[in-house]
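Participant: model03.pdb is reproduced in full below (PDB, C-alpha atoms, pLDDT in the B column).
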```pdb
ATOM      1  CA  MET A   1      76.411  46.065   6.720  1.00 86.00           C
ATOM      2  CA  ARG A   2      79.010  47.496   9.097  1.00 90.00           C
ATOM      3  CA  SER A   3      79.590  44.098  10.699  1.00 94.00           C
ATOM      4  CA  ALA A   4      80.130  42.490   7.292  1.00 96.00           C
ATOM      5  CA  LEU A   5      82.721  45.137   6.460  1.00 97.00           C
ATOM      6  CA  ILE A   6      84.518  44.495   9.736  1.00 97.00           C
ATOM      7  CA  VAL A   7      84.575  40.736   9.066  1.00 98.00           C
ATOM      8  CA  PHE A   8      85.918  41.481   5.580  1.00 98.00           C
ATOM      9  CA  GLY A   9      88.592  43.641   7.231  1.00 98.00           C
ATOM     10  CA  GLY A  10      89.464  40.638   9.397  1.00 98.00           C
ATOM     11  CA  PHE A  11      90.040  38.540   6.300  1.00 98.00           C
ATOM     12  CA  VAL A  12      92.203  41.292   4.810  1.00 98.00           C
ATOM     13  CA  LEU A  13      94.239  41.421   8.024  1.00 98.00           C
ATOM     14  CA  LEU A  14      94.561  37.626   8.012  1.00 97.00           C
ATOM     15  CA  GLY A  15      95.847  37.821   4.457  1.00 97.00           C
ATOM     16  CA  LEU A  16      98.420  40.397   5.497  1.00 97.00           C
ATOM     17  CA  PHE A  17      99.532  38.165   8.367  1.00 96.00           C
ATOM     18  CA  MET A  18      99.881  35.239   5.973  1.00 96.00           C
ATOM     19  CA  ILE A  19     101.907  37.319   3.498  1.00 95.00           C
ATOM     20  CA  ALA A  20     104.179  38.518   6.306  1.00 95.00           C
ATOM     21  CA  GLY A  21     104.593  34.976   7.635  1.00 93.00           C
ATOM     22  CA  ARG A  22     105.566  33.695   4.211  1.00 92.00           C
ATOM     23  CA  ALA A  23     107.968  36.609   3.670  1.00 94.00           C
ATOM     24  CA  MET A  24     109.686  36.008   7.007  1.00 93.00           C
ATOM     25  CA  SER A  25     109.903  32.212   7.091  1.00 90.00           C
ATOM     26  CA  GLY A  26     108.703  30.845   3.785  1.00 88.00           C
ATOM     27  CA  SER A  27     105.959  28.237   3.903  1.00 82.00           C
ATOM     28  CA  LEU A  28     106.944  27.347   7.478  1.00 85.00           C
ATOM     29  CA  GLY A  29     105.793  30.803   8.611  1.00 85.00           C
ATOM     30  CA  LEU A  30     102.187  30.401   7.481  1.00 89.00           C
ATOM     31  CA  SER A  31     100.921  28.386  10.434  1.00 91.00           C
ATOM     32  CA  PRO A  32     102.472  30.652  13.111  1.00 94.00           C
ATOM     33  CA  ALA A  33     101.221  33.719  11.263  1.00 94.00           C
ATOM     34  CA  ALA A  34      97.673  32.379  11.325  1.00 94.00           C
ATOM     35  CA  ARG A  35      98.007  31.626  15.042  1.00 95.00           C
ATOM     36  CA  TRP A  36      99.396  35.116  15.775  1.00 96.00           C
ATOM     37  CA  PHE A  37      96.439  36.641  13.942  1.00 97.00           C
ATOM     38  CA  ILE A  38      93.900  35.273  16.437  1.00 97.00           C
ATOM     39  CA  PRO A  39      94.852  37.289  19.562  1.00 98.00           C
ATOM     40  CA  VAL A  40      95.378  40.434  17.472  1.00 98.00           C
ATOM     41  CA  TRP A  41      91.943  39.985  15.906  1.00 98.00           C
ATOM     42  CA  PHE A  42      90.416  39.375  19.350  1.00 98.00           C
ATOM     43  CA  VAL A  43      91.725  42.735  20.555  1.00 98.00           C
ATOM     44  CA  LEU A  44      90.460  44.522  17.439  1.00 98.00           C
ATOM     45  CA  ALA A  45      87.044  42.858  17.735  1.00 98.00           C
ATOM     46  CA  ALA A  46      86.940  43.892  21.403  1.00 98.00           C
ATOM     47  CA  VAL A  47      87.686  47.480  20.379  1.00 97.00           C
ATOM     48  CA  ASN A  48      84.705  47.284  18.038  1.00 97.00           C
ATOM     49  CA  LEU A  49      82.621  46.006  20.969  1.00 97.00           C
ATOM     50  CA  VAL A  50      83.657  48.983  23.079  1.00 97.00           C
ATOM     51  CA  VAL A  51      82.802  51.371  20.233  1.00 96.00           C
ATOM     52  CA  GLY A  52      79.333  49.827  20.078  1.00 96.00           C
ATOM     53  CA  LEU A  53      78.920  50.190  23.826  1.00 97.00           C
ATOM     54  CA  ARG A  54      79.948  53.842  23.639  1.00 97.00           C
ATOM     55  CA  HIS A  55      77.332  54.425  20.942  1.00 96.00           C
ATOM     56  CA  GLY A  56      74.594  53.379  23.347  1.00 95.00           C
ATOM     57  CA  TYR A  57      74.144  49.672  22.655  1.00 96.00           C
ATOM     58  CA  SER A  58      73.981  47.344  25.632  1.00 97.00           C
ATOM     59  CA  PHE A  59      76.486  44.581  26.248  1.00 97.00           C
ATOM     60  CA  VAL A  60      73.768  41.978  25.634  1.00 97.00           C
ATOM     61  CA  GLU A  61      73.055  43.542  22.219  1.00 96.00           C
ATOM     62  CA  GLU A  62      76.722  43.767  21.269  1.00 97.00           C
ATOM     63  CA  LEU A  63      77.879  40.343  22.483  1.00 97.00           C
ATOM     64  CA  PRO A  64      76.455  38.243  19.608  1.00 97.00           C
ATOM     65  CA  ILE A  65      77.860  40.717  17.092  1.00 96.00           C
ATOM     66  CA  PHE A  66      81.264  40.578  18.786  1.00 98.00           C
ATOM     67  CA  LEU A  67      81.214  36.778  18.742  1.00 97.00           C
ATOM     68  CA  ALA A  68      80.382  36.665  15.026  1.00 97.00           C
ATOM     69  CA  ILE A  69      82.930  39.335  14.124  1.00 98.00           C
ATOM     70  CA  PHE A  70      85.635  37.510  16.063  1.00 98.00           C
ATOM     71  CA  ALA A  71      84.705  33.906  15.346  1.00 98.00           C
ATOM     72  CA  ILE A  72      84.388  33.941  11.552  1.00 98.00           C
ATOM     73  CA  PRO A  73      87.940  35.133  10.710  1.00 98.00           C
ATOM     74  CA  ALA A  74      89.396  33.303  13.732  1.00 98.00           C
ATOM     75  CA  ALA A  75      87.863  30.010  12.563  1.00 98.00           C
ATOM     76  CA  VAL A  76      89.375  30.480   9.113  1.00 97.00           C
ATOM     77  CA  ALA A  77      92.737  31.283  10.734  1.00 97.00           C
ATOM     78  CA  LEU A  78      92.548  28.108  12.838  1.00 97.00           C
ATOM     79  CA  LEU A  79      91.715  26.079   9.750  1.00 96.00           C
ATOM     80  CA  LEU A  80      94.666  27.593   7.892  1.00 94.00           C
ATOM     81  CA  ALA A  81      97.001  26.994  10.841  1.00 94.00           C
ATOM     82  CA  TRP A  82      95.880  23.369  10.992  1.00 94.00           C
ATOM     83  CA  LYS A  83      96.224  22.824   7.227  1.00 91.00           C
ATOM     84  CA  MET A  84      99.643  24.539   7.017  1.00 87.00           C
ATOM     85  CA  SER A  85     101.236  22.697   9.942  1.00 80.00           C
TER
END
```
Any chance you could give the structure as structure tokens?

Facilitator:
Amino acid sequence: MRSALIVFGGFVLLGLFMIAGRAMSGSLGLSPAARWFIPVWFVLAAVNLVVGLRHGYSFVEELPIFLAIFAIPAAVALLLAWKMS
């Protein structure tokens, strides 16, 4: 359940990036905003990985969760960047 909430938070953050990109540069800002989201989301997903490690989970246990948490919103962001360019 916690992982699903974090992925949902990633989509919310992506939406905020897209709104900011549109506000700054109109429709031309959507693709760069989606691309800027990806490294920011990577860092936030890595922070979640570290939190899991500090709560006693091993790296091998946390890695698939990290990959899912990062990859799902990042894939949507890449799709949006591709469609908006």

Participant: Tell me, in Å to one decimal, how far CA of Trp41 in chain A is from CA of Val7 in chain A.

Facilitator: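 Calculated distance between CA of Trp41 in chain A and CA of Val7 in chain A is 10.1 Å.
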
Participant: Write out as a ChimeraX atom specification the residues lying within 12 Å of Leu44 in chain A, counting all atoms listed in the file and excluding same-chain residues fewer than 6 positions away.

Facilitator: /A:6-7,9-10,13,37-38,50-51,66,69-70,73-74

Participant: Taking all atoms of range 5-11 of chain A that the file lists and extending 3 Å past them on each side, where is the centre of the axis-aligned box and how long are its edges? Answer in Å to one decimal, as lines of an AutoDock Vina configuration file.

Facilitator:
```
center_x = 86.4
center_y = 41.8
center_z = 7.7
size_x = 13.3
size_y = 12.6
size_z = 10.2
```

Participant: Given all atoms listed in the file as the basis, pick out the residue of A:Ser25, A:Asn48, A:Ser85, A:Ser31 nearest to Leu5 in chain A.

Facilitator: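 Smallest distance to Leu5 in chain A is found for A:Asn48.
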
Participant: Pick out the closest residue to Ala46 in chain A from this set: A:Ala71, A:Leu14, A:Ala23, A:Ala33. Count all atoms listed in the file.

Facilitator: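 Closest candidate: A:Ala71.
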
Participant: Rounded to one decimal, what separation in Å do you get between CA of Ser27 in chain A and CA of Met84 in chain A?

Facilitator: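 Separation between CA of Ser27 in chain A and CA of Met84 in chain A: 8.0 Å.
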
Participant: Please check which residues have atoms at most 9 Å from (102.7, 37.9, 9.0) in the file's coordinates, counting only C-alpha atoms, and write them as a PDB file with C-alpha atoms, keeping the file's coordinate frame.

Facilitator:
```
ATOM      1  CA  LEU A  14      94.561  37.626   8.012  1.00 97.00           C
ATOM      2  CA  GLY A  15      95.847  37.821   4.457  1.00 97.00           C
ATOM      3  CA  LEU A  16      98.420  40.397   5.497  1.00 97.00           C
ATOM      4  CA  PHE A  17      99.532  38.165   8.367  1.00 96.00           C
ATOM      5  CA  MET A  18      99.881  35.239   5.973  1.00 96.00           C
ATOM      6  CA  ILE A  19     101.907  37.319   3.498  1.00 95.00           C
ATOM      7  CA  ALA A  20     104.179  38.518   6.306  1.00 95.00           C
ATOM      8  CA  GLY A  21     104.593  34.976   7.635  1.00 93.00           C
ATOM      9  CA  ARG A  22     105.566  33.695   4.211  1.00 92.00           C
ATOM     10  CA  ALA A  23     107.968  36.609   3.670  1.00 94.00           C
ATOM     11  CA  MET A  24     109.686  36.008   7.007  1.00 93.00           C
ATOM     12  CA  GLY A  29     105.793  30.803   8.611  1.00 85.00           C
ATOM     13  CA  LEU A  30     102.187  30.401   7.481  1.00 89.00           C
ATOM     14  CA  PRO A  32     102.472  30.652  13.111  1.00 94.00           C
ATOM     15  CA  ALA A  33     101.221  33.719  11.263  1.00 94.00           C
ATOM     16  CA  ALA A  34      97.673  32.379  11.325  1.00 94.00           C
ATOM     17  CA  TRP A  36      99.396  35.116  15.775  1.00 96.00           C
ATOM     18  CA  PHE A  37      96.439  36.641  13.942  1.00 97.00           C
TER      19      PHE A  37
END
```

Participant: Using only C-alpha atoms, can you tell me which of A:Val40, A:Leu53, A:Val12, A:Ser3 comes closest to Ala68 in chain A?

Facilitator: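 For Ala68 in chain A, the nearest of the given residues is A:Ser3.
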
Participant: Enter the distance from CA of Gly56 in chain A to CA of Val43 in chain A, in Å, rounded to one decimal.

Facilitator: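 So the two atoms, CA of Gly56 in chain A and CA of Val43 in chain A, lie 20.4 Å apart.
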
Participant: Select, from A:Val60, A:Arg35, A:Leu67, A:His55, the residue with the minimum atom-to-atom distance to Trp82 in chain A, counting all atoms listed in the file.

Facilitator: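 Of A:Val60, A:Arg35, A:Leu67, A:His55, the one nearest Trp82 in chain A is A:Arg35, counting all atoms listed in the file.
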
Participant: Which one is closest to Phe42 in chain A: A:Leu80, A:Leu28, A:Ile72, A:Ala4? Count only C-alpha atoms.

Facilitator: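 So, comparing all the options, the nearest one is A:Ile72.
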